[in-house]
file start_35.csv (CSV, C-alpha atoms)
chain,number,residue,atom,x,y,z
A,1,MET,CA,-156.9,-38.7,-267.5
A,2,LEU,CA,-154.7,-38.1,-270.6
A,3,ARG,CA,-155.6,-39.8,-273.9
A,4,LEU,CA,-152.7,-40.4,-276.3
A,5,PRO,CA,-153.3,-41.6,-279.8
A,6,GLY,CA,-150.8,-44.3,-280.6
A,7,GLU,CA,-149.0,-42.2,-283.2
A,8,ILE,CA,-148.4,-39.4,-280.7
A,9,HIS,CA,-147.3,-41.9,-278.1
A,10,ALA,CA,-144.7,-43.2,-280.5
A,11,GLN,CA,-143.6,-39.7,-281.5
A,12,ILE,CA,-143.0,-38.8,-277.8
A,13,LEU,CA,-140.9,-41.9,-277.2
A,14,ALA,CA,-139.0,-41.4,-280.5
A,15,HIS,CA,-138.0,-37.8,-279.5
A,16,CYS,CA,-137.0,-38.9,-276.0
A,17,LEU,CA,-134.8,-41.8,-277.4
A,18,ALA,CA,-133.3,-39.5,-280.0
A,19,GLY,CA,-132.2,-37.1,-277.3
A,20,VAL,CA,-130.1,-39.6,-275.3
A,21,PRO,CA,-127.8,-39.0,-273.5
A,22,GLU,CA,-129.5,-35.6,-272.8
A,23,GLU,CA,-133.0,-35.2,-271.5
A,24,ALA,CA,-135.5,-34.5,-274.3
A,25,CYS,CA,-138.7,-32.4,-274.1
A,26,GLY,CA,-141.7,-31.2,-276.0
A,27,LEU,CA,-145.2,-29.8,-275.8
A,28,LEU,CA,-148.6,-31.4,-276.2
A,29,ALA,CA,-151.7,-29.7,-277.7
A,30,ALA,CA,-155.4,-30.6,-277.4
A,31,GLU,CA,-158.7,-28.9,-278.1
A,32,PRO,CA,-159.6,-26.5,-275.3
A,33,GLY,CA,-161.1,-28.4,-272.4
A,34,ASP,CA,-160.3,-31.8,-273.9
A,35,ASP,CA,-157.8,-34.5,-272.8
A,36,VAL,CA,-157.1,-36.1,-276.2
A,37,VAL,CA,-153.7,-35.0,-277.4
A,38,ARG,CA,-154.0,-33.9,-281.0
A,39,ARG,CA,-150.5,-32.7,-281.7
A,40,CYS,CA,-147.1,-33.2,-280.3
A,41,TYR,CA,-144.4,-30.6,-280.7
A,42,PRO,CA,-140.9,-32.0,-280.1
A,43,THR,CA,-138.8,-29.0,-278.9
A,44,ARG,CA,-135.1,-28.5,-278.3
A,45,ASN,CA,-133.8,-28.8,-274.7
A,46,ALA,CA,-132.3,-25.4,-274.2
A,47,ALA,CA,-130.5,-26.7,-271.0
A,48,ALA,CA,-128.7,-29.3,-273.2
A,49,SER,CA,-128.3,-31.5,-270.1
A,50,ALA,CA,-128.7,-35.1,-269.0
A,51,LYS,CA,-130.3,-33.9,-265.7
A,52,LEU,CA,-132.3,-30.8,-266.6
A,53,TYR,CA,-134.6,-29.6,-269.4
A,54,THR,CA,-135.8,-26.2,-270.5
A,55,VAL,CA,-138.2,-26.1,-273.4
A,56,ASP,CA,-136.6,-23.9,-275.9
A,57,PRO,CA,-138.6,-20.6,-275.6
A,58,LYS,CA,-138.7,-19.9,-279.3
A,59,ASP,CA,-139.9,-23.5,-280.0
A,60,TYR,CA,-142.6,-22.9,-277.4
A,61,LEU,CA,-143.6,-19.6,-279.2
A,62,HIS,CA,-143.9,-21.4,-282.5
A,63,ALA,CA,-145.8,-24.4,-281.1
A,64,ASP,CA,-148.2,-22.0,-279.3
A,65,ARG,CA,-148.9,-20.2,-282.6
A,66,ASP,CA,-149.3,-23.4,-284.6
A,67,ALA,CA,-151.7,-24.8,-281.9
A,68,GLU,CA,-153.7,-21.5,-281.8
A,69,ALA,CA,-154.1,-21.5,-285.6
A,70,ALA,CA,-155.4,-25.1,-285.5
A,71,GLY,CA,-157.9,-24.3,-282.8
A,72,LEU,CA,-155.9,-26.1,-280.2
A,73,GLU,CA,-154.0,-25.1,-277.0
A,74,ILE,CA,-150.9,-26.3,-275.2
A,75,ILE,CA,-152.1,-28.6,-272.5
A,76,GLY,CA,-148.9,-30.1,-271.2
A,77,VAL,CA,-145.3,-30.9,-271.6
A,78,PHE,CA,-143.3,-34.1,-271.8
A,79,HIS,CA,-139.7,-34.8,-270.9
A,80,SER,CA,-137.4,-37.8,-270.4
A,81,HIS,CA,-135.6,-39.0,-267.4
A,82,THR,CA,-132.6,-40.9,-268.8
A,83,HIS,CA,-131.6,-42.7,-265.6
A,84,THR,CA,-134.4,-42.4,-263.1
A,85,ASP,CA,-138.0,-43.5,-262.9
A,86,ALA,CA,-141.0,-41.8,-264.6
A,87,TYR,CA,-141.9,-39.7,-261.6
A,88,PRO,CA,-141.6,-35.9,-261.3
A,89,SER,CA,-138.3,-34.8,-259.6
A,90,PRO,CA,-138.3,-32.0,-257.0
A,91,THR,CA,-137.1,-29.7,-259.7
A,92,ASP,CA,-140.0,-30.7,-261.9
A,93,VAL,CA,-142.5,-29.9,-259.1
A,94,ALA,CA,-140.8,-26.6,-258.2
A,95,GLN,CA,-140.9,-25.3,-261.7
A,96,ALA,CA,-144.3,-26.6,-262.8
A,97,PRO,CA,-146.1,-23.5,-264.0
A,98,ASP,CA,-149.6,-24.6,-264.6
A,99,PRO,CA,-152.0,-26.6,-262.4
A,100,ALA,CA,-154.2,-27.4,-265.4
A,101,TRP,CA,-151.3,-28.9,-267.5
A,102,HIS,CA,-150.5,-32.6,-267.9
A,103,TYR,CA,-146.8,-33.4,-267.0
A,104,VAL,CA,-145.7,-36.4,-268.9
A,105,VAL,CA,-142.5,-38.1,-267.8
A,106,VAL,CA,-140.8,-40.8,-269.9
A,107,SER,CA,-138.2,-43.0,-268.2
A,108,LEU,CA,-135.5,-44.5,-270.3
A,109,ARG,CA,-134.0,-46.2,-267.3
A,110,HIS,CA,-135.0,-49.7,-268.5
A,111,SER,CA,-134.8,-51.2,-272.0
A,112,VAL,CA,-138.6,-50.5,-272.5
A,113,PRO,CA,-139.4,-46.8,-272.1
A,114,ALA,CA,-142.1,-46.1,-269.4
A,115,LEU,CA,-144.5,-43.2,-269.9
A,116,ARG,CA,-146.6,-41.7,-267.1
A,117,SER,CA,-148.6,-38.5,-266.6
A,118,TYR,CA,-149.1,-36.3,-263.6
A,119,ARG,CA,-151.0,-33.2,-262.5
A,120,ILE,CA,-148.9,-30.9,-260.3
A,121,VAL,CA,-151.1,-28.6,-258.2
A,122,GLY,CA,-149.7,-26.4,-255.4
A,123,GLY,CA,-146.6,-28.7,-255.1
A,124,ASP,CA,-148.7,-31.9,-254.8
A,125,ILE,CA,-148.2,-34.6,-257.4
A,126,HIS,CA,-151.2,-36.6,-258.6
A,127,GLU,CA,-150.6,-39.4,-261.1
A,128,GLU,CA,-153.3,-39.7,-263.8
A,129,GLU,CA,-154.4,-42.5,-266.1
A,130,VAL,CA,-152.9,-42.5,-269.6
A,131,THR,CA,-155.0,-44.3,-272.2
A,132,GLY,CA,-155.0,-44.8,-275.9
A,133,VAL,CA,-157.6,-43.5,-278.4
A,134,ASP,CA,-159.7,-45.5,-280.9
A,135,GLU,CA,-158.1,-45.4,-284.3
A,136,GLY,CA,-160.9,-43.3,-285.8
A,137,MET,CA,-160.1,-40.5,-283.4
A,138,THR,CA,-156.4,-40.1,-283.9
A,139,GLY,CA,-155.1,-36.6,-284.5
A,140,GLU,CA,-153.0,-35.3,-287.3
A,141,ARG,CA,-149.3,-35.3,-287.1
A,142,ALA,CA,-147.7,-31.9,-286.4
A,143,GLY,CA,-146.2,-30.3,-289.4
B,1,MET,CA,-153.5,-1.2,-279.9
B,2,PRO,CA,-151.2,-4.2,-279.6
B,3,ASP,CA,-152.6,-7.7,-279.0
B,4,VAL,CA,-151.3,-9.5,-276.0
B,5,ARG,CA,-151.2,-13.3,-276.2
B,6,LEU,CA,-151.7,-15.0,-272.9
B,7,PRO,CA,-150.4,-18.5,-271.9
B,8,THR,CA,-152.9,-21.0,-270.5
B,9,VAL,CA,-151.8,-20.4,-266.9
B,10,LEU,CA,-152.9,-16.7,-267.1
B,11,ARG,CA,-156.1,-17.1,-269.0
B,12,PRO,CA,-158.2,-17.9,-265.9
B,13,HIS,CA,-157.4,-14.4,-264.7
B,14,ALA,CA,-158.7,-12.9,-268.0
B,15,GLN,CA,-162.1,-14.6,-268.2
B,16,GLY,CA,-160.5,-17.4,-270.2
B,17,LYS,CA,-159.4,-15.2,-273.1
B,18,SER,CA,-156.3,-16.2,-275.0
B,19,THR,CA,-155.7,-12.7,-276.4
B,20,VAL,CA,-156.4,-9.3,-274.9
B,21,VAL,CA,-155.8,-5.8,-276.2
B,22,VAL,CA,-153.8,-3.5,-273.9
B,23,PRO,CA,-152.8,0.1,-274.8
B,24,GLY,CA,-149.2,1.1,-274.5
B,25,ASP,CA,-146.1,2.2,-276.5
B,26,THR,CA,-143.6,-0.1,-274.6
B,27,VAL,CA,-143.6,-3.6,-273.3
B,28,GLY,CA,-143.4,-2.2,-269.7
B,29,GLU,CA,-146.5,0.0,-270.2
B,30,ILE,CA,-148.4,-2.9,-271.7
B,31,LEU,CA,-147.5,-5.3,-269.0
B,32,ARG,CA,-148.3,-2.8,-266.2
B,33,GLY,CA,-151.6,-2.1,-268.0
B,34,LEU,CA,-152.3,-5.8,-268.2
B,35,VAL,CA,-151.8,-6.3,-264.5
B,36,GLU,CA,-153.9,-3.3,-263.7
B,37,GLY,CA,-156.7,-4.6,-265.9
B,38,TYR,CA,-156.4,-8.2,-264.6
B,39,PRO,CA,-155.1,-8.0,-261.0
B,40,GLY,CA,-155.1,-11.8,-260.7
B,41,MET,CA,-151.9,-11.7,-262.8
B,42,ALA,CA,-150.0,-9.5,-260.2
B,43,GLY,CA,-146.8,-11.1,-259.3
B,44,GLN,CA,-146.9,-13.6,-262.1
B,45,VAL,CA,-145.6,-11.4,-264.9
B,46,LEU,CA,-143.8,-8.5,-263.2
B,47,THR,CA,-141.9,-8.7,-259.8
B,48,GLU,CA,-142.7,-6.4,-256.9
B,49,ASP,CA,-139.8,-4.2,-258.1
B,50,GLY,CA,-141.5,-3.9,-261.5
B,51,THR,CA,-139.0,-6.0,-263.4
B,52,LEU,CA,-139.9,-8.9,-265.7
B,53,HIS,CA,-140.4,-12.1,-263.7
B,54,ARG,CA,-137.5,-14.5,-264.4
B,55,PHE,CA,-139.8,-17.4,-265.2
B,56,VAL,CA,-141.6,-15.5,-267.9
B,57,ASN,CA,-140.5,-14.9,-271.5
B,58,VAL,CA,-142.0,-12.0,-273.4
B,59,TYR,CA,-141.9,-11.7,-277.2
B,60,VAL,CA,-142.7,-8.8,-279.5
B,61,ASN,CA,-143.7,-10.7,-282.6
B,62,ASP,CA,-140.8,-13.1,-282.9
B,63,ASP,CA,-138.2,-11.4,-280.7
B,64,ASP,CA,-137.5,-12.0,-277.0
B,65,VAL,CA,-137.6,-8.6,-275.3
B,66,ARG,CA,-134.6,-9.6,-273.2
B,67,TYR,CA,-132.5,-9.4,-276.4
B,68,LEU,CA,-134.1,-6.1,-277.3
B,69,GLU,CA,-134.6,-3.3,-274.8
B,70,GLY,CA,-136.4,-5.3,-272.1
B,71,LEU,CA,-139.4,-3.4,-270.7
B,72,ASP,CA,-138.4,-0.3,-272.7
B,73,THR,CA,-138.8,-2.2,-276.0
B,74,LYS,CA,-141.1,-0.1,-278.3
B,75,VAL,CA,-144.4,-1.7,-279.4
B,76,ALA,CA,-146.4,-0.5,-282.4
B,77,GLY,CA,-150.1,-0.9,-283.0
B,78,GLY,CA,-149.9,-4.0,-285.3
B,79,ASP,CA,-147.5,-5.9,-283.1
B,80,THR,CA,-148.3,-8.9,-281.0
B,81,VAL,CA,-146.9,-9.3,-277.5
B,82,SER,CA,-146.7,-12.9,-276.4
B,83,ILE,CA,-146.2,-14.0,-272.8
B,84,LEU,CA,-145.0,-17.5,-272.2
B,85,PRO,CA,-143.9,-19.2,-269.0
B,86,ALA,CA,-140.5,-20.8,-268.8
B,87,VAL,CA,-141.1,-24.5,-269.0
B,88,ALA,CA,-138.3,-26.4,-267.3
B,89,GLY,CA,-137.5,-29.1,-264.8
B,90,GLY,CA,-135.1,-31.9,-264.1
call {"tool": "encode", "arguments": {"input": "start_35.csv", "output": "structure tokens"}}
result
Amino acid sequence: MLRLPGEIHAQILAHCLAGVPEEACGLLAAEPGDDVVRRCYPTRNAAASAKLYTVDPKDYLHADRDAEAAGLEIIGVFHSHTHTDAYPSPTDVAQAPDPAWHYVVVSLRHSVPALRSYRIVGGDIHEEEVTGVDEGMTGERAG
Amino acid sequence: MPDVRLPTVLRPHAQGKSTVVVPGDTVGEILRGLVEGYPGMAGQVLTEDGTLHRFVNVYVNDDDVRYLEGLDTKVAGGDTVSILPAVAGG
């Protein structure tokens, strides 16, 4: 399961919409061992493509440092599909580095964005539930 | 000795640690020492030929070693070497 505070859910969708017509991407951080996303790091798409994304490596470095300083760790990545459904593509599966990560895909195919989350383990795709978080538990916005 | 920051995907091979200390004067020496100390990382950081894996980015402080001298990049005691996987897809 992935638990997304409303503010972070909105931040993910806003970054994906701002990236159109290219795919947009970013990283998610939580407390170690937890599934509540505490910070969202919108990153540049170094591939600058409508069909591919590469999290800008330097943005990843800075996000990783910020998360570490806040007692968090990077637990997943999000990216948009501008014209296809919110399901991992063969490229997504082939390049998924971490079986412990959450892979969030946002589809902008229809007028209302669709956000779904997956675990990708040994090439197998498992969709997981995405839920909100009670207001009192929402994390801080990333600097 | 330089600190080596590990990405989440490599931490299970280092008893869950996010940072380890590995002796060495160059990035190559440090990465070879890392894999010797934590054999579970073999093949994930360096290729069989001993070159940097293409899906891995390595930084000395804020600089990508591919834009420095690669595995020959010098590392001093107070430096931090960060290993991060390339995160990409379609």
call {"tool": "residues_around", "arguments": {"input": "start_35.csv", "residues": "segment 63-80 of chain A", "least_positions_apart": "3", "cutoff": "7 Å", "atoms": "all atoms listed in the file", "output": "list in words"}}
result
Cys16, Glu23, Ala24, Cys25, Gly26, Leu27, Leu28, Ala29, Ala30, Glu31, Pro32, Tyr41, Asp59, Tyr60, Trp101, His102, Tyr103, Val104, Val105, Val106, Ser107 and Leu108 of chain A
call {"tool": "closest_residue", "arguments": {"input": "start_35.csv", "among": "B:Asn61, B:Thr8, B:Ser18, B:Thr73", "to": "Leu31 of chain B", "atoms": "all atoms listed in the file"}}
result
B:Thr73
call {"tool": "closest_atom_pairs", "arguments": {"input": "start_35.csv", "of": "chain A", "to": "chain B", "cutoff": "8 Å", "atoms": "all atoms listed in the file", "output": "Markdown table"}}
result
| residue | atom | partner | partner_atom | distance |
| --- | --- | --- | --- | --- |
| A:Lys51 | CA | B:Gly90 | CA | 5.4 |
| A:Leu52 | CA | B:Gly90 | CA | 3.9 |
| A:Tyr53 | CA | B:Ala88 | CA | 5.3 |
| A:Thr54 | CA | B:Ala88 | CA | 4.1 |
| A:Val55 | CA | B:Val87 | CA | 5.5 |
| A:Pro57 | CA | B:Ala86 | CA | 7.1 |
| A:Lys58 | CA | B:Asp62 | CA | 8.0 |
| A:Tyr60 | CA | B:Leu84 | CA | 7.9 |
| A:Leu61 | CA | B:Leu84 | CA | 7.4 |
| A:Glu73 | CA | B:Thr8 | CA | 7.8 |
| A:Ile74 | CA | B:Thr8 | CA | 7.4 |
| A:Ile75 | CA | B:Thr8 | CA | 7.9 |
| A:His81 | CA | B:Gly90 | CA | 7.8 |
| A:Ser89 | CA | B:Gly90 | CA | 6.2 |
| A:Pro90 | CA | B:Gly90 | CA | 7.8 |
| A:Thr91 | CA | B:Gly89 | CA | 5.2 |
| A:Asp92 | CA | B:Gly89 | CA | 4.1 |
| A:Val93 | CA | B:Gly89 | CA | 7.6 |
| A:Ala94 | CA | B:Gly89 | CA | 7.8 |
| A:Gln95 | CA | B:Gly89 | CA | 6.0 |
| A:Ala96 | CA | B:Val87 | CA | 7.3 |
| A:Pro97 | CA | B:Pro85 | CA | 7.0 |
| A:Asp98 | CA | B:Val9 | CA | 5.3 |
| A:Pro99 | CA | B:Val9 | CA | 7.7 |
| A:Ala100 | CA | B:Val9 | CA | 7.6 |
call {"tool": "atom_distance", "arguments": {"input": "start_35.csv", "atom1": "atom CA of Thr19 of chain B", "atom2": "atom CA of Gln44 of chain B"}}
result
16.8 Å
call {"tool": "atom_distance", "arguments": {"input": "start_35.csv", "atom1": "atom CA of Pro88 of chain A", "atom2": "atom CA of Arg54 of chain B"}}
result
22.0 Å
call {"tool": "atom_distance", "arguments": {"input": "start_35.csv", "atom1": "atom CA of Leu71 of chain B", "atom2": "atom CA of Asp49 of chain B"}}
result
12.6 Å
call {"tool": "closest_residue", "arguments": {"input": "start_35.csv", "among": "A:Ala18, A:Arg38, A:Thr84, A:Met1", "to": "Ser117 of chain A", "atoms": "only C-alpha atoms"}}
result
A:Met1
